[in-house]
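Text of model_29.txt (compact mmCIF, C-alpha atoms and all ligand atoms) as supplied:
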# COMPACT_ATOMS: atom_id res chain seq x y z
CA MET I 782 61.66 -74.27 19.74
CA ILE I 783 58.65 -76.27 18.60
CA THR I 784 57.74 -75.39 15.04
CA THR I 785 54.33 -75.82 13.46
CA ALA I 786 53.64 -77.99 10.44
CA ASP I 787 54.40 -76.41 7.07
CA ARG I 788 50.76 -76.66 6.12
CA LEU I 789 49.93 -73.98 8.67
CA ASN I 790 51.96 -71.52 6.63
CA THR I 791 49.48 -71.93 3.79
CA VAL I 792 46.59 -70.38 5.72
CA GLU I 793 45.85 -67.47 7.99
CA GLU I 794 43.51 -67.33 10.94
CA TYR I 795 39.94 -67.08 9.62
CA TYR I 796 38.96 -63.46 8.93
CA PHE I 797 35.96 -63.52 11.27
CA SER I 798 37.96 -65.13 14.06
CA LYS I 799 40.38 -62.16 13.91
CA LYS I 800 37.95 -59.36 13.13
CA LEU I 801 35.36 -60.41 15.70
CA ARG I 802 38.10 -60.33 18.34
CA GLU I 803 38.64 -56.71 17.38
CA VAL I 804 34.89 -56.07 17.43
CA ARG I 805 34.61 -57.68 20.89
CA GLY I 806 37.47 -55.45 22.05
CA LEU I 807 35.52 -52.38 20.92
CA MET I 808 32.46 -53.69 22.77
CA ALA I 809 34.52 -54.26 25.91
CA ASP I 810 35.57 -50.61 25.63
CA GLY I 811 31.89 -49.72 25.86
CA LYS I 812 31.25 -49.02 22.18
CA PRO I 813 27.60 -49.67 21.16
CA ILE I 814 28.53 -52.05 18.33
CA ILE I 815 25.86 -53.39 15.98
CA ASN I 816 27.22 -56.54 14.38
CA MET I 817 25.97 -57.05 10.82
CA GLY I 818 28.91 -59.21 9.91
CA ILE I 819 28.36 -62.85 10.49
CA GLY I 820 25.45 -65.10 9.47
CA SER I 821 24.77 -66.60 12.87
CA PRO I 822 21.00 -66.85 13.35
CA ASP I 823 19.87 -64.99 16.47
CA LEU I 824 16.40 -66.56 16.45
CA ALA I 825 15.57 -69.71 18.44
CA PRO I 826 14.89 -73.17 17.06
CA SER I 827 11.26 -74.32 17.24
CA GLU I 828 9.65 -75.41 20.48
CA GLU I 829 9.47 -79.00 19.21
CA VAL I 830 13.23 -79.02 18.75
CA ILE I 831 13.88 -77.73 22.26
CA LYS I 832 11.44 -80.25 23.76
CA ALA I 833 13.01 -83.10 21.81
CA VAL I 834 16.52 -82.33 23.03
CA GLN I 835 15.31 -81.82 26.60
CA ALA I 836 13.52 -85.17 26.61
CA ALA I 837 16.50 -86.92 25.03
CA VAL I 838 19.07 -86.01 27.64
CA THR I 839 17.44 -88.16 30.32
CA GLU I 840 16.99 -91.21 28.08
CA ASP I 841 18.91 -94.37 28.81
CA GLY I 842 22.16 -94.49 26.84
CA ALA I 843 21.85 -90.87 25.76
CA HIS I 844 25.39 -90.06 26.85
CA GLN I 845 27.16 -92.98 25.24
CA TYR I 846 29.10 -92.90 21.98
CA GLN I 847 26.75 -92.89 19.04
CA SER I 848 26.91 -94.54 15.63
CA TYR I 849 29.33 -92.88 13.18
CA GLN I 850 26.54 -92.77 10.64
CA GLY I 851 23.93 -91.37 13.01
CA LEU I 852 20.71 -92.90 14.28
CA PRO I 853 18.71 -94.72 11.58
CA GLU I 854 15.79 -92.47 12.59
CA PHE I 855 17.93 -89.39 11.91
CA ARG I 856 19.03 -90.65 8.51
CA ASP I 857 15.39 -91.44 7.67
CA ALA I 858 14.41 -87.90 8.66
CA ILE I 859 17.09 -86.51 6.33
CA VAL I 860 15.91 -88.74 3.49
CA ASN I 861 12.27 -87.70 4.01
CA PHE I 862 13.29 -84.05 4.09
CA TYR I 863 15.20 -84.39 0.82
CA LYS I 864 12.25 -86.18 -0.80
CA LYS I 865 9.68 -83.68 0.41
CA TYR I 866 11.48 -80.44 -0.37
CA TYR I 867 13.91 -81.28 -3.17
CA ASN I 868 12.26 -84.35 -4.72
CA VAL I 869 15.52 -86.27 -4.33
CA ALA I 870 15.45 -89.97 -3.47
CA LEU I 871 18.28 -91.19 -1.25
CA ASN I 872 19.09 -94.50 0.38
CA PRO I 873 19.20 -93.85 4.15
CA SER I 874 21.75 -96.62 4.74
CA THR I 875 24.31 -95.64 2.15
CA GLU I 876 23.72 -92.18 0.68
CA VAL I 877 23.47 -89.98 3.77
CA LEU I 878 26.09 -89.01 6.33
CA PRO I 879 25.35 -86.64 9.23
CA LEU I 880 28.10 -84.09 9.94
CA MET I 881 28.98 -81.54 12.56
CA GLY I 882 27.87 -78.74 10.26
CA SER I 883 28.62 -78.44 6.59
CA LYS I 884 31.91 -76.67 7.31
CA GLU I 885 33.28 -79.93 8.68
CA GLY I 886 32.22 -81.64 5.46
CA ILE I 887 34.43 -79.33 3.40
CA MET I 888 37.47 -80.69 5.24
CA HIS I 889 36.34 -84.34 5.13
CA ILE I 890 35.50 -84.23 1.42
CA SER I 891 38.85 -82.61 0.67
CA LEU I 892 40.74 -85.18 2.74
CA ALA I 893 38.84 -87.97 1.02
CA PHE I 894 39.32 -86.82 -2.57
CA LEU I 895 42.27 -84.43 -2.94
CA ASN I 896 45.90 -85.47 -3.21
CA PRO I 897 48.76 -83.00 -2.86
CA GLY I 898 49.15 -81.36 -6.27
CA ASP I 899 45.50 -81.81 -7.26
CA GLU I 900 43.50 -78.71 -8.06
CA ALA I 901 40.08 -77.66 -6.79
CA LEU I 902 37.87 -75.21 -8.64
CA ILE I 903 36.74 -72.53 -6.22
CA PRO I 904 34.27 -69.69 -6.79
CA ASN I 905 35.56 -66.10 -6.63
CA PRO I 906 33.75 -64.72 -4.69
CA GLY I 907 32.96 -67.68 -2.45
CA TYR I 908 33.07 -69.11 1.06
CA PRO I 909 36.70 -68.69 2.23
CA THR I 910 36.86 -72.17 3.78
CA TYR I 911 37.05 -73.83 0.33
CA THR I 912 40.41 -72.13 -0.19
CA SER I 913 41.89 -72.69 3.25
CA VAL I 914 40.92 -76.36 3.37
CA THR I 915 42.24 -76.97 -0.16
CA LYS I 916 45.58 -75.51 0.92
CA LEU I 917 45.63 -77.41 4.22
CA VAL I 918 45.38 -80.72 2.37
CA GLY I 919 48.21 -79.73 0.03
CA ALA I 920 46.06 -79.19 -3.05
CA ALA I 921 45.88 -75.98 -5.08
CA PRO I 922 42.91 -73.63 -5.46
CA LYS I 923 42.00 -72.81 -9.07
CA TYR I 924 39.59 -69.90 -8.94
CA TYR I 925 36.75 -69.37 -11.37
CA ASP I 926 35.27 -65.93 -11.82
CA LEU I 927 31.74 -65.05 -10.84
CA THR I 928 30.49 -61.61 -11.80
CA ALA I 929 27.27 -59.66 -11.56
CA ALA I 930 27.09 -59.61 -15.38
CA SER I 931 26.52 -63.38 -15.47
CA ASN I 932 24.43 -63.36 -12.28
CA TRP I 933 27.32 -65.00 -10.41
CA PHE I 934 27.31 -68.18 -12.48
CA PRO I 935 30.54 -69.52 -14.03
CA ASN I 936 31.32 -69.33 -17.72
CA ILE I 937 31.62 -73.06 -18.35
CA GLU I 938 32.87 -72.64 -21.93
CA ALA I 939 35.71 -70.44 -20.77
CA LEU I 940 36.52 -72.88 -17.99
CA GLU I 941 36.74 -75.73 -20.47
CA GLN I 942 39.30 -73.86 -22.52
CA GLN I 943 41.65 -73.99 -19.55
CA ASP I 944 43.88 -76.91 -18.59
CA LEU I 945 41.68 -78.93 -16.25
CA SER I 946 43.89 -82.02 -16.16
CA LYS I 947 44.77 -81.56 -12.49
CA VAL I 948 41.28 -80.54 -11.38
CA LYS I 949 39.70 -83.17 -9.16
CA LEU I 950 36.96 -81.26 -7.42
CA MET I 951 34.71 -78.25 -7.99
CA TRP I 952 33.01 -76.27 -5.22
CA VAL I 953 29.74 -74.56 -6.04
CA SER I 954 27.27 -73.08 -3.62
CA TYR I 955 23.77 -72.28 -4.87
CA PRO I 956 21.98 -70.34 -3.53
CA HIS I 957 25.27 -68.56 -3.64
CA MET I 958 27.00 -67.11 -0.62
CA PRO I 959 27.83 -64.19 -0.47
CA THR I 960 25.83 -62.85 -3.43
CA GLY I 961 22.47 -64.59 -2.93
CA ALA I 962 22.34 -65.59 -6.62
CA SER I 963 20.37 -68.75 -7.47
CA ALA I 964 21.13 -71.34 -10.11
CA ASN I 965 18.22 -72.56 -12.25
CA LYS I 966 17.69 -76.15 -13.45
CA GLU I 967 19.47 -75.52 -16.75
CA GLN I 968 22.48 -74.16 -14.93
CA PHE I 969 22.58 -77.07 -12.50
CA LYS I 970 22.33 -79.42 -15.48
CA ALA I 971 25.19 -77.65 -17.21
CA LEU I 972 27.35 -78.00 -14.09
CA VAL I 973 26.64 -81.72 -13.84
CA ALA I 974 27.41 -82.22 -17.54
CA PHE I 975 30.66 -80.25 -17.14
CA ALA I 976 31.66 -82.41 -14.17
CA LYS I 977 30.95 -85.58 -16.11
CA ARG I 978 32.85 -84.48 -19.21
CA ASN I 979 35.89 -83.60 -17.14
CA ASP I 980 35.77 -86.29 -14.48
CA ILE I 981 35.41 -83.80 -11.66
CA LEU I 982 33.67 -84.31 -8.32
CA LEU I 983 31.11 -81.51 -8.08
CA VAL I 984 30.09 -80.43 -4.59
CA ASN I 985 27.14 -78.11 -4.03
CA ASP I 986 27.27 -76.46 -0.63
CA ASN I 987 23.60 -75.74 0.02
CA PRO I 988 22.91 -74.27 3.47
CA TYR I 989 20.76 -71.32 2.34
CA SER I 990 18.00 -72.80 0.19
CA PHE I 991 15.21 -72.12 2.69
CA VAL I 992 16.02 -68.52 3.54
CA LEU I 993 13.98 -65.99 1.54
CA ASN I 994 13.82 -68.43 -1.33
CA ASP I 995 10.56 -69.80 -2.78
CA THR I 996 12.19 -72.51 -4.84
CA PRO I 997 14.60 -74.65 -2.81
CA ASP I 998 16.61 -76.89 -5.11
CA SER I 999 19.30 -79.52 -4.85
CA ILE I 1000 21.95 -80.39 -7.40
CA LEU I 1001 21.05 -84.03 -6.70
CA SER I 1002 17.63 -83.47 -8.29
CA MET I 1003 19.34 -83.36 -11.70
CA GLU I 1004 19.24 -86.59 -13.65
CA GLY I 1005 22.46 -88.54 -13.24
CA ALA I 1006 23.88 -86.03 -10.76
CA LYS I 1007 24.70 -88.65 -8.15
CA GLU I 1008 27.37 -90.10 -10.44
CA VAL I 1009 29.52 -87.00 -10.00
CA ALA I 1010 27.96 -84.79 -7.34
CA LEU I 1011 27.83 -84.51 -3.60
CA GLU I 1012 25.70 -82.05 -1.70
CA LEU I 1013 26.34 -80.49 1.68
CA ASN I 1014 23.40 -79.24 3.68
CA SER I 1015 22.96 -77.85 7.14
CA LEU I 1016 20.45 -77.14 9.88
CA SER I 1017 22.38 -74.03 10.94
CA LYS I 1018 20.43 -71.45 8.97
CA THR I 1019 17.23 -73.31 8.06
CA PHE I 1020 16.38 -74.18 11.66
CA ASN I 1021 18.37 -71.59 13.66
CA MET I 1022 20.70 -74.27 14.96
CA ALA I 1023 24.14 -72.94 13.98
CA GLY I 1024 25.64 -73.58 17.41
CA TRP I 1025 24.39 -77.17 17.49
CA ARG I 1026 26.69 -78.11 14.63
CA VAL I 1027 24.42 -80.30 12.53
CA GLY I 1028 24.86 -80.80 8.84
CA MET I 1029 24.99 -83.60 6.33
CA VAL I 1030 26.56 -84.81 3.12
CA LEU I 1031 24.55 -86.64 0.50
CA GLY I 1032 25.58 -88.54 -2.59
CA ASN I 1033 26.25 -91.98 -3.97
CA GLU I 1034 27.44 -94.87 -1.81
CA ALA I 1035 31.05 -94.84 -3.02
CA HIS I 1036 31.47 -91.12 -2.39
CA ILE I 1037 29.74 -91.22 0.99
CA SER I 1038 31.75 -94.19 2.20
CA ALA I 1039 34.98 -92.38 1.25
CA VAL I 1040 33.91 -89.43 3.42
CA LEU I 1041 32.89 -91.81 6.23
CA LYS I 1042 36.34 -93.41 6.08
CA VAL I 1043 37.87 -90.03 6.92
CA LYS I 1044 35.26 -88.92 9.41
CA SER I 1045 35.17 -92.15 11.42
CA ASN I 1046 38.90 -91.76 12.01
CA MET I 1047 38.53 -88.20 13.25
CA ASP I 1048 35.53 -88.12 15.56
CA SER I 1049 32.76 -90.26 16.96
CA GLY I 1050 29.01 -90.11 16.38
CA MET I 1051 26.93 -87.03 17.09
CA PHE I 1052 25.47 -86.53 20.59
CA TYR I 1053 22.15 -88.37 20.90
CA GLY I 1054 20.22 -85.31 22.10
CA ILE I 1055 21.39 -83.24 19.13
CA GLN I 1056 20.27 -85.96 16.75
CA LYS I 1057 16.84 -86.08 18.40
CA GLY I 1058 16.52 -82.29 18.14
CA ALA I 1059 17.63 -82.42 14.51
CA ILE I 1060 15.00 -85.06 13.74
CA ALA I 1061 12.30 -82.80 15.21
CA ALA I 1062 13.60 -79.88 13.13
CA LEU I 1063 13.60 -81.84 9.87
CA LYS I 1064 9.95 -82.74 10.49
CA SER I 1065 8.93 -79.07 10.74
CA SER I 1066 5.82 -78.04 8.84
CA GLN I 1067 5.63 -75.31 6.19
CA GLU I 1068 4.59 -72.89 8.95
CA TRP I 1069 8.11 -72.99 10.34
CA PHE I 1070 9.64 -71.82 7.07
CA ASP I 1071 6.92 -69.20 6.57
CA GLY I 1072 7.42 -67.82 10.08
CA LEU I 1073 11.18 -67.65 9.65
CA ASN I 1074 10.95 -65.92 6.31
CA LYS I 1075 8.45 -63.37 7.57
CA VAL I 1076 11.06 -62.18 10.06
CA TYR I 1077 13.83 -62.11 7.45
CA GLU I 1078 11.61 -60.30 4.95
CA LYS I 1079 11.03 -57.42 7.35
CA ARG I 1080 14.71 -57.27 8.20
CA LYS I 1081 15.62 -57.30 4.53
CA GLU I 1082 13.34 -54.33 3.84
CA LEU I 1083 15.06 -52.34 6.57
CA MET I 1084 18.54 -53.49 5.59
CA LEU I 1085 17.92 -52.31 2.04
CA GLN I 1086 17.03 -48.89 3.47
CA LEU I 1087 20.41 -48.90 5.21
CA ALA I 1088 22.14 -49.93 1.98
CA ASP I 1089 20.33 -47.06 0.23
CA LYS I 1090 21.60 -44.63 2.88
CA LEU I 1091 25.13 -45.78 2.15
CA GLY I 1092 24.61 -45.19 -1.57
CA CYS I 1093 24.90 -48.90 -2.37
CA THR I 1094 23.08 -50.81 -5.11
CA TYR I 1095 21.87 -54.41 -4.90
CA ASP I 1096 19.74 -57.11 -6.51
CA LYS I 1097 16.41 -57.11 -4.70
CA ASN I 1098 15.65 -60.63 -5.94
CA ALA I 1099 18.72 -62.22 -4.42
CA VAL I 1100 17.93 -64.93 -1.85
CA GLY I 1101 19.49 -66.17 1.38
CA MET I 1102 20.61 -64.62 4.61
CA PHE I 1103 22.68 -61.70 3.32
CA ILE I 1104 22.43 -58.51 1.31
CA TRP I 1105 25.27 -58.26 -1.19
CA ALA I 1106 25.65 -54.58 -1.93
CA LYS I 1107 27.80 -52.74 -4.45
CA LEU I 1108 29.57 -49.68 -3.10
CA PRO I 1109 28.97 -46.34 -4.81
CA GLU I 1110 31.28 -45.56 -7.75
CA GLY I 1111 34.52 -43.96 -6.62
CA ALA I 1112 34.20 -45.23 -3.03
CA VAL I 1113 37.30 -46.28 -1.11
CA SER I 1114 38.13 -50.01 -0.89
CA ALA I 1115 35.60 -52.28 0.81
CA GLU I 1116 37.94 -52.76 3.81
CA GLU I 1117 38.42 -49.01 4.27
CA PHE I 1118 34.69 -48.47 3.81
CA ILE I 1119 33.73 -50.96 6.52
CA ASP I 1120 36.48 -49.86 8.91
CA ASP I 1121 35.33 -46.27 8.58
CA ILE I 1122 31.78 -47.33 9.49
CA LEU I 1123 33.06 -49.57 12.29
CA TYR I 1124 35.10 -46.84 13.94
CA LYS I 1125 32.80 -43.88 13.27
CA LYS I 1126 29.35 -45.48 13.52
CA ASN I 1127 30.05 -48.61 15.57
CA ILE I 1128 28.52 -50.88 12.94
CA PHE I 1129 30.33 -53.94 11.66
CA ILE I 1130 29.67 -54.98 8.06
CA THR I 1131 31.65 -57.58 6.11
CA PRO I 1132 33.93 -56.38 3.26
CA GLY I 1133 33.33 -58.30 0.03
CA THR I 1134 37.04 -58.89 -0.48
CA ILE I 1135 37.19 -61.60 2.18
CA PHE I 1136 35.28 -63.77 -0.32
CA GLY I 1137 37.85 -63.22 -3.08
CA SER I 1138 39.13 -60.51 -5.41
CA ASN I 1139 35.78 -60.31 -7.25
CA GLY I 1140 34.26 -59.12 -3.98
CA ALA I 1141 36.16 -55.84 -4.38
CA GLY I 1142 33.70 -52.96 -4.37
CA TYR I 1143 31.07 -54.92 -2.44
CA ILE I 1144 29.99 -55.27 1.18
CA ARG I 1145 27.80 -57.93 2.78
CA PHE I 1146 25.11 -57.29 5.39
CA SER I 1147 23.85 -60.20 7.48
CA LEU I 1148 20.13 -60.46 8.21
CA CYS I 1149 20.86 -61.99 11.61
CA VAL I 1150 20.22 -58.61 13.24
CA LYS I 1151 17.04 -57.65 15.08
CA GLU I 1152 14.78 -55.02 13.53
CA ASP I 1153 15.32 -52.44 16.26
CA LYS I 1154 19.09 -52.72 15.78
CA ILE I 1155 18.77 -52.20 12.02
CA LYS I 1156 16.58 -49.17 12.68
CA GLU I 1157 19.15 -47.85 15.10
CA ALA I 1158 21.89 -48.39 12.51
CA ILE I 1159 19.87 -46.42 9.97
CA SER I 1160 19.44 -43.61 12.47
CA ARG I 1161 23.21 -43.39 12.95
CA PHE I 1162 23.60 -42.07 9.39
C1 LIG O 1201 28.54 -71.20 2.04
C2 LIG O 1201 28.63 -71.75 3.40
N1 LIG O 1201 28.94 -73.04 3.57
C3 LIG O 1201 29.04 -73.59 4.77
C4 LIG O 1201 28.85 -72.86 5.91
C5 LIG O 1201 29.01 -73.54 7.24
O1 LIG O 1201 27.81 -73.84 7.81
P1 LIG O 1201 27.66 -74.91 8.96
O2 LIG O 1201 27.15 -74.16 10.13
O3 LIG O 1201 26.67 -75.90 8.44
O4 LIG O 1201 28.99 -75.53 9.19
C6 LIG O 1201 28.55 -71.51 5.82
C7 LIG O 1201 28.37 -70.72 7.05
O5 LIG O 1201 28.39 -69.55 7.13
C8 LIG O 1201 28.44 -70.94 4.53
O6 LIG O 1201 28.13 -69.64 4.37

Could you show the structure in this file as structure tokens?
Ligand SMILES: Cc1ncc(COP(=O)(O)O)c(C=O)c1O
Amino acid sequence: MITTADRLNTVEEYYFSKKLREVRGLMADGKPIINMGIGSPDLAPSEEVIKAVQAAVTEDGAHQYQSYQGLPEFRDAIVNFYKKYYNVALNPSTEVLPLMGSKEGIMHISLAFLNPGDEALIPNPGYPTYTSVTKLVGAAPKYYDLTAASNWFPNIEALEQQDLSKVKLMWVSYPHMPTGASANKEQFKALVAFAKRNDILLVNDNPYSFVLNDTPDSILSMEGAKEVALELNSLSKTFNMAGWRVGMVLGNEAHISAVLKVKSNMDSGMFYGIQKGAIAALKSSQEWFDGLNKVYEKRKELMLQLADKLGCTYDKNAVGMFIWAKLPEGAVSAEEFIDDILYKKNIFITPGTIFGSNGAGYIRFSLCVKEDKIKEAISRF
């Protein structure tokens, strides 16, 4: 019998991978499922992006291996984007690395910086991949609590009273997924100072800063942040390109070259056409963001009506692609709540508990659902 590596025993199949199989099964049985679970943008990228990729595929050399670091033109486009929207200056040769989505970066960063036995600070609630990747590389998750009372920002003083001697890395994600909470400049500054005091690599996972958010920010815009911080970003949500798999990691030369050392041993450069499409996306004008947010605003309004129907409460000012809603007092567990709705109303919503124990009592609605479907969902109650 061929046995799997021990590291596989540390993780389970990703929740969505399992649950969406079940949801697809219900659909195959003819159930009229409305999927409000996953944040996979249903809208199309801009026309410029489509034209750029179409033109690229017939160019000479388009189908050859590409540079591990991406086309210089692509790195320049990333740098210009960071300057224009976040006021962050980056060196395109040394401080930028294109990735196949930010999810890939979580693995590469962990492989580059975590030894077995090291600890990584992980938000509870937070993106589940931080935990699974930490375990896969033999390190240990050390969760920090986020609660509504502190607007989903960590209590740094309390953290510093703990033993941090084994902590090598801290994951943060602002705007925060799943809650949609933002961090202000003071909070970003406090995180950077905390990382410096404790010799911790701070990574801000930042794929949502352009969705229903008027003030996109980057941790790298804080003075001195590059010494201790990396940032992950992505075209998945900002430009409706989730299936393209385009993201990036940004930070100082030493940190980026450590990630490149891992990545260049695992895959080859990104397909030329995808890079050309990504360049076109990064050059989008303000109209693109305004158009996108107009659609999400309308959806949000409707989704809040649905949340109201379910007796949930929420923070109207939260940003990003999801509605994080608190279940009514005395409700059953989030899993039971969503399963009941799935089986009785054919609507799939994500239970908050998949993001950690502090997600108990919450559910998450994705805004990647067309208006007529949200209206239909409302009418089913
Ligand atoms: C917090 C967070 N980080 C990273 C990702 C992965 O995004 P990408 O498509 O860039 O890999 C997601 C996707 O849902 C996410 O919610």

Check which residues of chain I sit at most 7 Å from ligand LIG 1201 (chain O) using only C-alpha atoms and all ligand atoms, and return one row each with the closest pair of atoms and their distance in Å to one decimal, ordered by chain and rising number, as JSON lines.
{"residue": "I:Gly820", "atom": "CA", "partner": "O:LIG1201", "partner_atom": "O5", "distance": 5.8}
{"residue": "I:Met881", "atom": "CA", "partner": "O:LIG1201", "partner_atom": "O4", "distance": 6.9}
{"residue": "I:Gly882", "atom": "CA", "partner": "O:LIG1201", "partner_atom": "O4", "distance": 3.6}
{"residue": "I:Ser883", "atom": "CA", "partner": "O:LIG1201", "partner_atom": "O3", "distance": 3.7}
{"residue": "I:Lys884", "atom": "CA", "partner": "O:LIG1201", "partner_atom": "O4", "distance": 3.7}
{"residue": "I:Glu885", "atom": "CA", "partner": "O:LIG1201", "partner_atom": "O4", "distance": 6.2}
{"residue": "I:Tyr908", "atom": "CA", "partner": "O:LIG1201", "partner_atom": "C1", "distance": 5.1}
{"residue": "I:Ser954", "atom": "CA", "partner": "O:LIG1201", "partner_atom": "C1", "distance": 6.1}
{"residue": "I:Met958", "atom": "CA", "partner": "O:LIG1201", "partner_atom": "C1", "distance": 5.1}
{"residue": "I:Asp986", "atom": "CA", "partner": "O:LIG1201", "partner_atom": "N1", "distance": 5.7}
{"residue": "I:Asn987", "atom": "CA", "partner": "O:LIG1201", "partner_atom": "N1", "distance": 7.0}
{"residue": "I:Pro988", "atom": "CA", "partner": "O:LIG1201", "partner_atom": "N1", "distance": 6.2}
{"residue": "I:Asn1014", "atom": "CA", "partner": "O:LIG1201", "partner_atom": "O3", "distance": 6.7}
{"residue": "I:Ser1015", "atom": "CA", "partner": "O:LIG1201", "partner_atom": "O3", "distance": 4.4}
{"residue": "I:Leu1016", "atom": "CA", "partner": "O:LIG1201", "partner_atom": "O3", "distance": 6.5}
{"residue": "I:Ser1017", "atom": "CA", "partner": "O:LIG1201", "partner_atom": "O2", "distance": 4.8}
{"residue": "I:Ala1023", "atom": "CA", "partner": "O:LIG1201", "partner_atom": "O2", "distance": 5.0}
{"residue": "I:Arg1026", "atom": "CA", "partner": "O:LIG1201", "partner_atom": "O2", "distance": 6.0}
{"residue": "I:Val1027", "atom": "CA", "partner": "O:LIG1201", "partner_atom": "O3", "distance": 6.4}
{"residue": "I:Gly1028", "atom": "CA", "partner": "O:LIG1201", "partner_atom": "O3", "distance": 5.2}

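Interatomic distance, CA of Pro959 in chain I against CA of Pro935 in chain I: 14.8 Å.
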
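Neighbouring residues of Glu941 in chain I at 12 Å or closer, counting all atoms listed in the file and skipping chain neighbours under 4 positions away, are I:Leu902, I:Tyr925, I:Pro935, I:Asn936, I:Ile937, I:Leu945, I:Ser946, I:Val948, I:Leu972, I:Ala974, I:Phe975, I:Ala976, I:Arg978, I:Asn979.
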
Computed interatomic separation between CA of Phe969 in chain I and CA of Asp1096 in chain I (Å): 21.0 Å

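What separates CA of Trp1025 in chain I from CA of Pro879 in chain I is a distance of 12.6 Å.
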
Polymer residues at most 8 Å from Gly1133 in chain I, only C-alpha atoms, same-chain spacing of 6 or more positions, as a list in words: Pro906, Ala1115, Asn1139, Gly1140, Ala1141, Gly1142, Tyr1143, Ile1144 and Arg1145 of chain I

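If you measure from each of I:Lys949, I:His1036, I:Lys966, I:Lys1154 to Arg1080 in chain I using all atoms listed in the file, the closest one turns out to be I:Lys1154.
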